[in-house]
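*Asks:* Once you've had a glance at the structure underneath, I'll fire off some questions.
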Amino acid sequence: MKILIIEDEARIARRIERMIRSIFGDEITSIEMCDALDKGQEIIAKNEIDLLFLDLNLNGQDGFEILESVVAEPFHTIIISAYKDKAITAFEYGVLDFVSKPFDEARLTKACQRISNKNATETGMKFLAIKKKGKRTLINISDIKYIKGAGIYTELFLKNGQKEIHNKTLENLSVLLPNSFERIHKSYLVEMTTATQIIVEPGSKYTLELEEGDRLPIGRTKYRTLQEKWFS
């Protein structure tokens, strides 16, 4: 795991480093630290990272400048900031968690554990950002019917019939999206308010039908859970 910490107070940056080394242990392959927006943006541009810890006030500079620039990137972001009033906006940008200063290792551990927990964010995202012709475009979560995994990317299938590409993997998106999104198959996340019925086919094959007629495969291990949770 490659980690970047952007924090302008050296004491706090070192404290974060000690804590995350304790939390992740041997999973960590590298940790970089910087104290300014331009340095952080340069590191992100030149390196692949898996997890970003970001302060929102960097020597008077607004950390949202970085957050807005990386919202479409494949890695997760955890905000560590004293500006609690920024939490809702940060969640809308799809951060994994917002840890308020002052904090302890237990709180940071909880934030880090959300990497592997479905529906991690309590506030929930309002949009996903995609990169298109060098520009970022915001896609409203409510406009998404379902999401298909495509290797290191995902394909967003929208209610208007369009399809867009997102840089995050299906696994990374699954921990950020609202509870109405359900993993029905290793390759599909579905906004379940658009689902109408489960179709049982010969050979123990299961299909989910959506409002506009789309039909998606259901994994055999997912069928009973979907039936009980959404159609009982």
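We label chains A, B, ... in the order they appear in the structure tokens, count residues from 1 in each chain, and number ligands from 1 in the order shown.
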Using only C-alpha atoms, find each residue in range 39-117 of chain A having at least one atom no more than 12 Å away from range 168-192 of chain A; report its shortest atom-to-atom pair and that distance in Å (one decimal), rows by chain then rising number, as a Markdown table.
*Replies:*
```
| residue | atom | partner | partner_atom | distance |
| --- | --- | --- | --- | --- |
| A:Asp50 | CA | A:Asn172 | CA | 10.4 |
| A:Leu51 | CA | A:Asn172 | CA | 11.2 |
| A:Val70 | CA | A:Lys168 | CA | 11.1 |
| A:Val71 | CA | A:Lys168 | CA | 9.8 |
| A:Ala72 | CA | A:Lys168 | CA | 7.4 |
| A:Glu73 | CA | A:Lys168 | CA | 6.5 |
| A:Pro74 | CA | A:Lys168 | CA | 4.0 |
| A:Phe75 | CA | A:Lys168 | CA | 7.0 |
| A:His76 | CA | A:Asn172 | CA | 7.5 |
| A:Thr77 | CA | A:Leu176 | CA | 10.9 |
| A:Ile78 | CA | A:Leu176 | CA | 11.9 |
| A:Phe91 | CA | A:Leu176 | CA | 9.0 |
| A:Glu92 | CA | A:Leu176 | CA | 10.0 |
| A:Tyr93 | CA | A:Leu176 | CA | 10.1 |
| A:Gly94 | CA | A:Leu176 | CA | 6.5 |
| A:Val95 | CA | A:Leu176 | CA | 7.7 |
| A:Leu96 | CA | A:Leu176 | CA | 6.6 |
| A:Asp97 | CA | A:Leu176 | CA | 9.4 |
| A:Ala111 | CA | A:Val175 | CA | 11.8 |
| A:Cys112 | CA | A:Val175 | CA | 11.7 |
| A:Gln113 | CA | A:Val175 | CA | 10.7 |
| A:Arg114 | CA | A:Val175 | CA | 7.2 |
| A:Ile115 | CA | A:Val175 | CA | 6.8 |
| A:Ser116 | CA | A:Val175 | CA | 7.0 |
| A:Asn117 | CA | A:Val175 | CA | 5.9 |
```
*Asks:* Store the residues of this selection in a file with N, CA and C atoms, as a CSV table (one decimal), in the first residue's frame.
*Replies:*
```csv
chain,number,residue,atom,x,y,z
A,50,ASP,N,-2.3,4.6,-3.1
A,50,ASP,CA,-3.5,3.9,-2.8
A,50,ASP,C,-4.4,4.6,-1.8
A,51,LEU,N,-3.8,5.4,-0.9
A,51,LEU,CA,-4.5,6.1,0.1
A,51,LEU,C,-3.9,7.5,0.4
A,70,VAL,N,-8.6,15.4,-7.4
A,70,VAL,CA,-8.3,13.9,-7.3
A,70,VAL,C,-9.6,13.1,-7.2
A,71,VAL,N,-10.8,13.8,-7.2
A,71,VAL,CA,-12.0,13.1,-6.9
A,71,VAL,C,-12.3,12.0,-7.9
A,72,ALA,N,-11.7,12.1,-9.1
A,72,ALA,CA,-12.0,11.1,-10.1
A,72,ALA,C,-10.8,10.0,-10.1
A,73,GLU,N,-9.9,10.1,-9.2
A,73,GLU,CA,-8.8,9.2,-9.2
A,73,GLU,C,-9.1,7.9,-8.5
A,74,PRO,N,-8.3,6.8,-8.8
A,74,PRO,CA,-8.7,5.5,-8.2
A,74,PRO,C,-8.5,5.3,-6.8
A,75,PHE,N,-7.7,6.1,-6.1
A,75,PHE,CA,-7.3,5.9,-4.7
A,75,PHE,C,-8.4,6.5,-3.7
A,76,HIS,N,-8.3,6.0,-2.5
A,76,HIS,CA,-9.2,6.5,-1.4
A,76,HIS,C,-8.6,7.7,-0.8
A,77,THR,N,-9.4,8.6,-0.2
A,77,THR,CA,-9.0,9.8,0.5
A,77,THR,C,-9.6,9.8,1.9
A,78,ILE,N,-8.8,10.1,2.9
A,78,ILE,CA,-9.3,10.3,4.3
A,78,ILE,C,-8.9,11.7,4.7
A,91,PHE,N,-17.7,14.5,2.1
A,91,PHE,CA,-18.4,13.2,1.8
A,91,PHE,C,-19.0,13.3,0.4
A,92,GLU,N,-19.6,14.4,0.1
A,92,GLU,CA,-20.2,14.5,-1.2
A,92,GLU,C,-19.2,14.3,-2.4
A,93,TYR,N,-17.9,14.6,-2.1
A,93,TYR,CA,-16.9,14.4,-3.0
A,93,TYR,C,-16.4,13.0,-3.0
A,94,GLY,N,-16.9,12.1,-2.2
A,94,GLY,CA,-16.5,10.7,-2.2
A,94,GLY,C,-15.3,10.4,-1.4
A,95,VAL,N,-15.1,11.1,-0.3
A,95,VAL,CA,-14.0,10.7,0.6
A,95,VAL,C,-14.4,9.5,1.4
A,96,LEU,N,-13.4,8.7,1.8
A,96,LEU,CA,-13.7,7.5,2.6
A,96,LEU,C,-14.2,7.9,4.0
A,97,ASP,N,-13.6,8.9,4.6
A,97,ASP,CA,-14.0,9.3,5.9
A,97,ASP,C,-13.4,10.7,6.2
A,111,ALA,N,-11.5,4.7,10.6
A,111,ALA,CA,-11.5,5.3,9.3
A,111,ALA,C,-10.8,4.4,8.3
A,112,CYS,N,-9.6,3.9,8.7
A,112,CYS,CA,-8.9,3.0,7.8
A,112,CYS,C,-9.6,1.7,7.5
A,113,GLN,N,-10.3,1.2,8.5
A,113,GLN,CA,-11.0,-0.1,8.4
A,113,GLN,C,-12.1,0.0,7.3
A,114,ARG,N,-12.5,1.2,7.1
A,114,ARG,CA,-13.6,1.4,6.1
A,114,ARG,C,-13.2,1.1,4.7
A,115,ILE,N,-11.9,0.9,4.4
A,115,ILE,CA,-11.5,0.5,3.1
A,115,ILE,C,-12.1,-0.8,2.7
A,116,SER,N,-12.3,-1.7,3.6
A,116,SER,CA,-12.8,-3.0,3.3
A,116,SER,C,-14.3,-3.2,3.7
A,117,ASN,N,-14.9,-2.1,4.2
A,117,ASN,CA,-16.3,-2.2,4.7
A,117,ASN,C,-17.3,-1.6,3.7
```
*Asks:* Taking the backbone alone, and naming residues the way the document does, which bits of chain A are helix (DSSP H, G or I) by DSSP, as a ChimeraX atom specification?
*Replies:* /A:10-27,37-46,64-70,84-92,105-116,141-143,170-174,192-194,223-230
*Asks:* Set the distance at 10 Å and use only C-alpha atoms: which residues neighbour Glu164 in chain A once local chain neighbours fewer than 5 positions away are removed? I'd like the list as a ChimeraX atom specification.
*Replies:* /A:130-132,139,147,154-158
*Asks:* Would you save the residues of that selection, restricted to N, CA and C atoms, as an mmCIF file, in the first residue's frame?
*Replies:*
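Output (again39.cif):
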```
data_model
loop_
_atom_site.group_PDB
_atom_site.id
_atom_site.type_symbol
_atom_site.label_atom_id
_atom_site.label_comp_id
_atom_site.auth_asym_id
_atom_site.auth_seq_id
_atom_site.Cartn_x
_atom_site.Cartn_y
_atom_site.Cartn_z
ATOM 1 N N ILE A 130 -15.905 12.066 -13.231
ATOM 2 C CA ILE A 130 -15.211 11.321 -14.279
ATOM 3 C C ILE A 130 -14.292 12.278 -15.029
ATOM 4 N N LYS A 131 -13.244 11.722 -15.605
ATOM 5 C CA LYS A 131 -12.352 12.506 -16.449
ATOM 6 C C LYS A 131 -12.756 12.303 -17.901
ATOM 7 N N LYS A 132 -12.966 13.407 -18.596
ATOM 8 C CA LYS A 132 -13.401 13.328 -19.977
ATOM 9 C C LYS A 132 -12.696 14.420 -20.770
ATOM 10 N N ILE A 139 -21.117 13.379 -12.182
ATOM 11 C CA ILE A 139 -22.277 12.536 -12.464
ATOM 12 C C ILE A 139 -23.078 12.397 -11.174
ATOM 13 N N ILE A 147 -23.551 -0.204 -12.228
ATOM 14 C CA ILE A 147 -22.132 -0.023 -12.490
ATOM 15 C C ILE A 147 -21.525 -1.388 -12.772
ATOM 16 N N THR A 154 -14.339 1.192 -13.971
ATOM 17 C CA THR A 154 -15.741 0.790 -13.928
ATOM 18 C C THR A 154 -16.505 1.539 -15.015
ATOM 19 N N GLU A 155 -17.594 0.933 -15.457
ATOM 20 C CA GLU A 155 -18.477 1.565 -16.440
ATOM 21 C C GLU A 155 -19.766 1.965 -15.730
ATOM 22 N N LEU A 156 -20.110 3.239 -15.830
ATOM 23 C CA LEU A 156 -21.337 3.750 -15.215
ATOM 24 C C LEU A 156 -22.439 3.754 -16.254
ATOM 25 N N PHE A 157 -23.513 3.028 -16.012
ATOM 26 C CA PHE A 157 -24.658 2.997 -16.927
ATOM 27 C C PHE A 157 -25.736 3.919 -16.362
ATOM 28 N N LEU A 158 -26.046 4.976 -17.108
ATOM 29 C CA LEU A 158 -26.915 6.028 -16.613
ATOM 30 C C LEU A 158 -28.355 5.839 -17.067
#
```
*Asks:* Just want the 8 Å neighbourhood of Leu216 in chain A, counted on only C-alpha atoms, with same-chain residues fewer than 2 positions away dropped. Output as a list in words.
*Replies:* Tyr188, Thr207, Leu208, Glu209, Asp214 and Ile218 of chain A
*Asks:* Just how far from CA of Leu226 in chain A is CA of Glu201 in chain A, in Å to one decimal?
*Replies:*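 Separating CA of Glu201 in chain A from CA of Leu226 in chain A is a distance of 15.9 Å.
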*Asks:* Quick one: distance from CA of Gly219 in chain A to CA of Lys163 in chain A in Å, one decimal?
*Replies:*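 Calculated distance between CA of Gly219 in chain A and CA of Lys163 in chain A is 22.9 Å.
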